Amino acid sequence: MYQFLTDCFADGDPSNNEAFAGGFDVRDMTYRHGGDFVGLTQKLPYIKGLGCQAIWISPIFQNGENMYHQYAMHDFTLIDPRLGTLEELRDLTNAAHELGMYVIIDVVMNHMDNQFAFEGHEQGAAPFKMHDDEEYRLVLRNPERELFATPAGAQPYIDFWYNNTWDPSATYGGPVYGKWGEAAFDYLSGTYPSSDFHHNGDLVDYSNPWQITLGKIYGMMDDLRLESRRVQDKYIAMTKALISSADIDGFRVDTPMQVPLEFFKRWAPAVRDHARSL
C-alpha cells in the first residue's frame, strides 16, 4: 500500500490550486503544494510498478485556508475543490480498479476544524471539565465569519450544530475505553446534549479515558459528540454517500482512540451493509 498526502504528491491540474480559500505556496513546506486527483491518476502506473496493490489517500472533504493535510473538516458532503471534482475522484478510483488496485480514503470522524472556543478561554487552553464541574459554553472564534442558515440557526458548520442549552439530567452513557483498553464508567449527569459538539475543554491527559473521548484534541479541533445518535446518523449518511458516489474500497480511520466504541458498533456494520447493497 502506498500512502500519501494528496496535496503534496502530484499537481495534475494547476487551475484548482487556489479554487477555495488560501494557503497555496510551493516555496513553503507548511503550505499547500497543489496535489490533486488528476495528478494521482497520472501517477498510478508508477505506483503500481513499485509493487503496490492499493493507495491510501488523505481526507478529501472541504477544509479551510491552507490545511494541506486535510484533517480539519468544514463539510463532510463537499469535496475540497483544491483536490478536484467528484468526477475526477471517480476517474481515480476507476483507473485504480482497472490496474487491479484498491483505493482507501482517510476519514476523520472525531473532530472538525477550529470554529469554537470555550467561553472564558478564548485566547488560551481550557482545562478539561465534566458535568457540574463547569462544562463550557461554546463561543465563535470568528464572529465576523459568514455563517450558514440551518434549522438550528446561524452556524459555522452547515451540517453539525452547536447549542449552549444545559441539561442537568443528561448523561454521556458509556463506558468509554482508555489507551490500554480499560473501561471507564460515569455515573454523574449534566451536559449539553442538544449540541453536536463536546463542551469539555482540551484533551491534555491521554491516560484519562474521558479526556480521550470528550476533549478537544490538540486544543484546536472541534470535537464531535459521537455518542449522540443524532450525530452518528449524520456521519453514517455522509459515509454512505461517499461510497455510492466514488466507488471507493475502504477507509482508514483517523484518531480511532478518540472515537467511542458505541459509534463504531453502528457505523461499521452500516457501512459494510451499504457497500454490499450496491
# chains A, B, ... in the order shown; residues from 1 in each chain; ligands from 1
$ residues_around --residues "Tyr136 of chain A" --least-positions-apart "4" --cutoff "8 Å" --atoms "only C-alpha atoms" --output "list in words"
Phe118, Glu119, Lys129, His199, Asn200 and Gly201 of chain A
$ write_last_selection --atoms "C-alpha atoms" --output "CSV table (one decimal), in the first residue's frame"
chain,number,residue,atom,x,y,z
A,118,PHE,CA,-14.5,27.6,25.2
A,119,GLU,CA,-16.1,30.6,27.0
A,129,LYS,CA,-14.3,19.7,32.7
A,199,HIS,CA,-18.1,21.4,25.6
A,200,ASN,CA,-15.5,19.8,27.9
A,201,GLY,CA,-12.3,21.7,27.2
$ select_by_dssp --residues "segment 74-247 of chain A" --states "alpha helix (DSSP H)" --output "VMD selection string"
chain A and resid 86 to 98 209 to 214 229 to 246
$ closest_residue --among "A:Asp80, A:Asn66, A:Ile217, A:Cys52" --to "Val26 of chain A" --atoms "only C-alpha atoms"
A:Asn66
$ closest_residue --among "A:Asn94, A:Ser228, A:Thr213, A:Asn208" --to "Phe160 of chain A" --atoms "only C-alpha atoms"
A:Ser228
$ residues_around --residues "segment 7-19 of chain A" --least-positions-apart "4" --cutoff "8 Å" --atoms "only C-alpha atoms" --output "PyMOL selection string"
chain A and resi 23-24+32-40+42-43+68-69+81-84
$ write_last_selection --atoms "all heavy atoms" --output "short mmCIF file (atom, residue, chain, number, x, y, z; two decimals), in the first residue's frame"
data_model
loop_
_atom_site.label_atom_id
_atom_site.label_comp_id
_atom_site.auth_asym_id
_atom_site.auth_seq_id
_atom_site.Cartn_x
_atom_site.Cartn_y
_atom_site.Cartn_z
N GLY A 23 -3.70 29.74 0.96
CA GLY A 23 -2.69 28.87 1.53
C GLY A 23 -1.83 28.12 0.54
O GLY A 23 -1.09 27.21 0.93
N PHE A 24 -1.86 28.50 -0.75
CA PHE A 24 -1.04 27.83 -1.75
C PHE A 24 0.30 28.55 -1.89
O PHE A 24 0.35 29.74 -2.19
CB PHE A 24 -1.76 27.80 -3.09
CG PHE A 24 -0.92 27.26 -4.22
CD1 PHE A 24 -0.67 25.91 -4.33
CD2 PHE A 24 -0.36 28.12 -5.16
CE1 PHE A 24 0.12 25.40 -5.36
CE2 PHE A 24 0.42 27.63 -6.20
CZ PHE A 24 0.66 26.27 -6.29
N ARG A 32 0.09 24.70 1.07
CA ARG A 32 -0.42 23.79 0.05
C ARG A 32 0.50 23.79 -1.17
O ARG A 32 1.04 24.84 -1.54
CB ARG A 32 -1.84 24.17 -0.37
CG ARG A 32 -2.85 24.13 0.77
CD ARG A 32 -4.27 24.28 0.26
NE ARG A 32 -4.73 23.09 -0.43
CZ ARG A 32 -5.40 22.11 0.17
NH1 ARG A 32 -5.68 22.17 1.47
NH2 ARG A 32 -5.79 21.06 -0.52
N HIS A 33 0.62 22.60 -1.80
CA HIS A 33 1.51 22.46 -2.95
C HIS A 33 0.78 22.08 -4.23
O HIS A 33 1.41 21.90 -5.26
CB HIS A 33 2.59 21.43 -2.64
CG HIS A 33 3.63 21.94 -1.70
ND1 HIS A 33 4.68 21.19 -1.26
CD2 HIS A 33 3.77 23.16 -1.09
CE1 HIS A 33 5.44 21.89 -0.42
NE2 HIS A 33 4.89 23.09 -0.30
N GLY A 34 -0.54 21.91 -4.16
CA GLY A 34 -1.31 21.76 -5.39
C GLY A 34 -1.60 20.35 -5.84
O GLY A 34 -2.20 20.15 -6.90
N GLY A 35 -1.20 19.34 -5.10
CA GLY A 35 -1.51 17.96 -5.50
C GLY A 35 -3.01 17.73 -5.59
O GLY A 35 -3.78 18.33 -4.85
N ASP A 36 -3.42 16.86 -6.50
CA ASP A 36 -4.85 16.65 -6.72
C ASP A 36 -5.12 15.27 -7.29
O ASP A 36 -4.21 14.47 -7.53
CB ASP A 36 -5.42 17.73 -7.64
CG ASP A 36 -4.59 17.93 -8.91
OD1 ASP A 36 -4.06 16.94 -9.44
OD2 ASP A 36 -4.48 19.09 -9.36
N PHE A 37 -6.42 14.97 -7.51
CA PHE A 37 -6.83 13.67 -8.01
C PHE A 37 -6.30 13.41 -9.42
O PHE A 37 -5.95 12.28 -9.77
CB PHE A 37 -8.36 13.56 -8.02
CG PHE A 37 -9.00 13.75 -6.68
CD1 PHE A 37 -10.18 14.48 -6.56
CD2 PHE A 37 -8.44 13.21 -5.52
CE1 PHE A 37 -10.78 14.67 -5.33
CE2 PHE A 37 -9.04 13.40 -4.28
CZ PHE A 37 -10.22 14.13 -4.19
N VAL A 38 -6.25 14.45 -10.24
CA VAL A 38 -5.74 14.28 -11.61
C VAL A 38 -4.28 13.83 -11.56
O VAL A 38 -3.87 12.91 -12.28
CB VAL A 38 -5.89 15.59 -12.41
CG1 VAL A 38 -5.20 15.46 -13.76
CG2 VAL A 38 -7.36 15.94 -12.61
N GLY A 39 -3.49 14.48 -10.69
CA GLY A 39 -2.09 14.10 -10.57
C GLY A 39 -1.93 12.67 -10.07
O GLY A 39 -1.07 11.92 -10.55
N LEU A 40 -2.76 12.26 -9.10
CA LEU A 40 -2.69 10.90 -8.60
C LEU A 40 -3.01 9.89 -9.69
O LEU A 40 -2.34 8.85 -9.82
CB LEU A 40 -3.67 10.71 -7.44
CG LEU A 40 -3.46 11.50 -6.17
CD1 LEU A 40 -4.43 11.03 -5.09
CD2 LEU A 40 -2.04 11.37 -5.67
N GLN A 42 -2.61 10.19 -12.86
CA GLN A 42 -1.48 10.12 -13.80
C GLN A 42 -0.33 9.28 -13.25
O GLN A 42 0.42 8.66 -14.02
CB GLN A 42 -0.98 11.53 -14.11
CG GLN A 42 -1.98 12.39 -14.87
CD GLN A 42 -1.59 13.85 -14.93
OE1 GLN A 42 -0.64 14.31 -14.25
NE2 GLN A 42 -2.31 14.63 -15.74
N LYS A 43 -0.19 9.22 -11.95
CA LYS A 43 0.93 8.52 -11.32
C LYS A 43 0.61 7.07 -10.94
O LYS A 43 1.48 6.36 -10.43
CB LYS A 43 1.38 9.27 -10.08
CG LYS A 43 1.95 10.66 -10.33
CD LYS A 43 3.25 10.59 -11.12
CE LYS A 43 3.87 11.98 -11.27
NZ LYS A 43 5.14 11.93 -12.05
N TYR A 68 -3.22 21.80 4.27
CA TYR A 68 -2.78 20.89 3.22
C TYR A 68 -2.97 19.42 3.60
O TYR A 68 -3.14 18.55 2.76
CB TYR A 68 -1.29 21.13 2.91
CG TYR A 68 -0.37 20.80 4.06
CD1 TYR A 68 0.17 19.53 4.19
CD2 TYR A 68 -0.05 21.76 5.03
CE1 TYR A 68 1.00 19.21 5.26
CE2 TYR A 68 0.77 21.45 6.09
CZ TYR A 68 1.30 20.18 6.21
OH TYR A 68 2.11 19.86 7.27
N HIS A 69 -3.00 19.16 4.93
CA HIS A 69 -3.15 17.79 5.40
C HIS A 69 -4.57 17.28 5.27
O HIS A 69 -4.81 16.08 5.26
CB HIS A 69 -2.71 17.70 6.87
CG HIS A 69 -3.30 18.77 7.74
ND1 HIS A 69 -4.62 18.77 8.11
CD2 HIS A 69 -2.73 19.89 8.28
CE1 HIS A 69 -4.87 19.83 8.86
NE2 HIS A 69 -3.75 20.54 8.98
N PRO A 81 -12.43 21.54 -3.46
CA PRO A 81 -12.17 21.78 -4.89
C PRO A 81 -10.70 21.93 -5.23
O PRO A 81 -10.32 21.81 -6.39
CB PRO A 81 -12.95 23.06 -5.18
CG PRO A 81 -13.13 23.72 -3.85
CD PRO A 81 -13.24 22.60 -2.85
N ARG A 82 -9.84 22.16 -4.22
CA ARG A 82 -8.41 22.24 -4.49
C ARG A 82 -7.83 20.86 -4.81
O ARG A 82 -6.74 20.75 -5.38
CB ARG A 82 -7.70 22.86 -3.29
CG ARG A 82 -8.06 24.32 -3.06
CD ARG A 82 -7.61 24.84 -1.72
NE ARG A 82 -8.32 24.18 -0.62
CZ ARG A 82 -8.24 24.57 0.65
NH1 ARG A 82 -7.50 25.63 0.98
NH2 ARG A 82 -8.91 23.94 1.60
N LEU A 83 -8.58 19.80 -4.45
CA LEU A 83 -8.15 18.44 -4.80
C LEU A 83 -8.77 17.96 -6.10
O LEU A 83 -8.28 17.00 -6.71
CB LEU A 83 -8.55 17.46 -3.68
CG LEU A 83 -7.98 17.75 -2.29
CD1 LEU A 83 -8.50 16.72 -1.29
CD2 LEU A 83 -6.46 17.76 -2.31
N GLY A 84 -9.85 18.61 -6.52
CA GLY A 84 -10.51 18.22 -7.75
C GLY A 84 -12.01 18.09 -7.57
O GLY A 84 -12.58 18.55 -6.58
#
$ atom_distance --atom1 "atom CA of Phe148 of chain A" --atom2 "atom CA of Phe116 of chain A"
14.7 Å
$ residues_around --residues "segment 234-241 of chain A" --least-positions-apart "2" --cutoff "8 Å" --atoms "only C-alpha atoms" --output "list in words"
Phe76, Thr77, Met109, Asp159, Arg230, Val231, Gln232, Ile243, Ser244, Ser245, Trp267, Ala270, Val271, His274 and Ala275 of chain A
$ closest_residue --among "A:Glu87, A:Glu65, A:Glu144, A:Asp186" --to "Asn114 of chain A" --atoms "only C-alpha atoms"
A:Glu65
$ select_by_dssp --residues "segment 68-212 of chain A" --states "strand (DSSP E or B)" --output "PyMOL selection string"
chain A and resi 73-79+102-107+111+116-118+138-140+148-150+153-155+167+176-177+183-184+191+197+202
$ residues_around --residues "Gln115 of chain A" --least-positions-apart "4" --cutoff "7 Å" --atoms "only C-alpha atoms" --output "ChimeraX atom specification"
/A:140-141,156,222
$ closest_residue --among "A:Ile79, A:Leu188, A:Ala96, A:Met257" --to "Tyr46 of chain A" --atoms "only C-alpha atoms"
A:Ala96
$ residues_around --residues "Val107 of chain A" --least-positions-apart "5" --cutoff "8 Å" --atoms "only C-alpha atoms" --output "list in words"
Ser58, Pro59, Phe251, Arg252, Val253 and Asp254 of chain A
$ residues_around --residues "Pro45 of chain A" --least-positions-apart "5" --cutoff "12 Å" --atoms "only C-alpha atoms" --output "JSON, numbers by chain"
{"A": [39, 40, 50, 51, 52, 53, 54, 55, 92, 95, 96, 97, 98, 99, 100, 101]}
$ write_last_selection --atoms "C-alpha atoms" --output "compact mmCIF listing (two decimals), in the first residue's frame"
# COMPACT_ATOMS: atom_id res chain seq x y z
CA GLY A 39 -2.09 14.10 -10.57
CA LEU A 40 -2.69 10.90 -8.60
CA LEU A 50 6.51 -0.26 -7.29
CA GLY A 51 4.50 -3.37 -6.43
CA CYS A 52 1.73 -1.56 -4.52
CA GLN A 53 -1.75 -3.05 -4.69
CA ALA A 54 -3.54 -0.13 -3.01
CA ILE A 55 -3.31 3.61 -2.40
CA LEU A 92 -9.11 7.97 -9.99
CA ALA A 95 -8.29 3.90 -13.13
CA ALA A 96 -7.05 2.19 -9.96
CA HIS A 97 -9.56 -0.63 -10.36
CA GLU A 98 -8.51 -1.14 -13.97
CA LEU A 99 -4.97 -1.66 -12.68
CA GLY A 100 -6.20 -4.11 -10.04
CA MET A 101 -5.59 -1.63 -7.23
$ decode --residues "segment 177-188 of chain A" --atoms "all heavy atoms" --output "compact mmCIF listing (two decimals), in the first residue's frame"
# COMPACT_ATOMS: atom_id res chain seq x y z
N TYR A 177 -13.30 3.83 26.76
CA TYR A 177 -12.13 2.99 26.98
C TYR A 177 -10.85 3.79 26.85
O TYR A 177 -10.73 4.69 26.01
CB TYR A 177 -12.13 1.82 25.98
CG TYR A 177 -13.31 0.90 26.18
CD1 TYR A 177 -14.54 1.17 25.56
CD2 TYR A 177 -13.23 -0.19 27.03
CE1 TYR A 177 -15.64 0.36 25.76
CE2 TYR A 177 -14.33 -1.02 27.24
CZ TYR A 177 -15.53 -0.73 26.60
OH TYR A 177 -16.62 -1.54 26.81
N GLY A 178 -9.88 3.46 27.69
CA GLY A 178 -8.59 4.12 27.68
C GLY A 178 -7.64 3.51 26.67
O GLY A 178 -7.98 2.57 25.95
N LYS A 179 -6.41 4.02 26.64
CA LYS A 179 -5.46 3.59 25.62
C LYS A 179 -5.00 2.15 25.80
O LYS A 179 -4.44 1.56 24.87
CB LYS A 179 -4.25 4.53 25.59
CG LYS A 179 -3.44 4.57 26.88
CD LYS A 179 -2.27 5.53 26.73
CE LYS A 179 -1.40 5.59 27.98
NZ LYS A 179 -0.26 6.51 27.81
N TRP A 180 -5.24 1.58 26.98
CA TRP A 180 -4.89 0.17 27.20
C TRP A 180 -6.12 -0.72 27.13
O TRP A 180 -6.07 -1.89 27.46
CB TRP A 180 -4.20 0.00 28.55
CG TRP A 180 -3.02 0.90 28.74
CD1 TRP A 180 -2.87 1.89 29.66
CD2 TRP A 180 -1.81 0.92 27.96
NE1 TRP A 180 -1.66 2.53 29.52
CE2 TRP A 180 -0.99 1.95 28.47
CE3 TRP A 180 -1.34 0.18 26.87
CZ2 TRP A 180 0.26 2.25 27.95
CZ3 TRP A 180 -0.10 0.48 26.34
CH2 TRP A 180 0.69 1.49 26.88
N GLY A 181 -7.24 -0.16 26.72
CA GLY A 181 -8.47 -0.93 26.61
C GLY A 181 -9.27 -1.01 27.89
O GLY A 181 -10.27 -1.73 27.97
N GLU A 182 -8.85 -0.27 28.93
CA GLU A 182 -9.55 -0.32 30.20
C GLU A 182 -10.86 0.48 30.12
O GLU A 182 -10.91 1.56 29.53
CB GLU A 182 -8.67 0.23 31.33
CG GLU A 182 -8.41 1.73 31.33
CD GLU A 182 -7.31 2.19 30.39
OE1 GLU A 182 -6.91 1.40 29.50
OE2 GLU A 182 -6.85 3.35 30.52
N ALA A 183 -11.93 -0.09 30.69
CA ALA A 183 -13.23 0.57 30.67
C ALA A 183 -13.32 1.63 31.76
O ALA A 183 -12.79 1.46 32.86
CB ALA A 183 -14.34 -0.46 30.84
N ALA A 184 -14.01 2.72 31.45
CA ALA A 184 -14.26 3.78 32.43
C ALA A 184 -15.76 4.08 32.41
O ALA A 184 -16.37 4.22 31.35
CB ALA A 184 -13.46 5.04 32.08
N PHE A 185 -16.34 4.17 33.59
CA PHE A 185 -17.77 4.40 33.72
C PHE A 185 -18.01 5.77 34.36
O PHE A 185 -17.19 6.27 35.12
CB PHE A 185 -18.40 3.30 34.58
CG PHE A 185 -18.28 1.93 33.98
CD1 PHE A 185 -17.15 1.17 34.20
CD2 PHE A 185 -19.29 1.41 33.21
CE1 PHE A 185 -17.02 -0.10 33.64
CE2 PHE A 185 -19.19 0.14 32.65
CZ PHE A 185 -18.04 -0.62 32.87
N ASP A 186 -19.15 6.36 34.05
CA ASP A 186 -19.51 7.67 34.56
C ASP A 186 -20.95 7.62 35.06
O ASP A 186 -21.85 7.27 34.29
CB ASP A 186 -19.35 8.72 33.47
CG ASP A 186 -19.83 10.09 33.92
OD1 ASP A 186 -19.42 10.52 35.01
OD2 ASP A 186 -20.62 10.71 33.19
N TYR A 187 -21.16 7.95 36.31
CA TYR A 187 -22.49 7.84 36.91
C TYR A 187 -23.10 9.20 37.25
O TYR A 187 -24.15 9.27 37.88
CB TYR A 187 -22.40 6.98 38.17
CG TYR A 187 -21.84 5.60 37.90
CD1 TYR A 187 -20.52 5.29 38.24
CD2 TYR A 187 -22.60 4.63 37.28
CE1 TYR A 187 -19.99 4.03 37.98
CE2 TYR A 187 -22.09 3.36 37.02
CZ TYR A 187 -20.79 3.07 37.37
OH TYR A 187 -20.26 1.83 37.10
N LEU A 188 -22.44 10.29 36.80
CA LEU A 188 -22.95 11.63 37.09
C LEU A 188 -23.76 12.15 35.91
O LEU A 188 -23.91 11.47 34.89
CB LEU A 188 -21.79 12.56 37.42
CG LEU A 188 -20.92 12.13 38.62
CD1 LEU A 188 -19.77 13.09 38.82
CD2 LEU A 188 -21.77 12.02 39.88
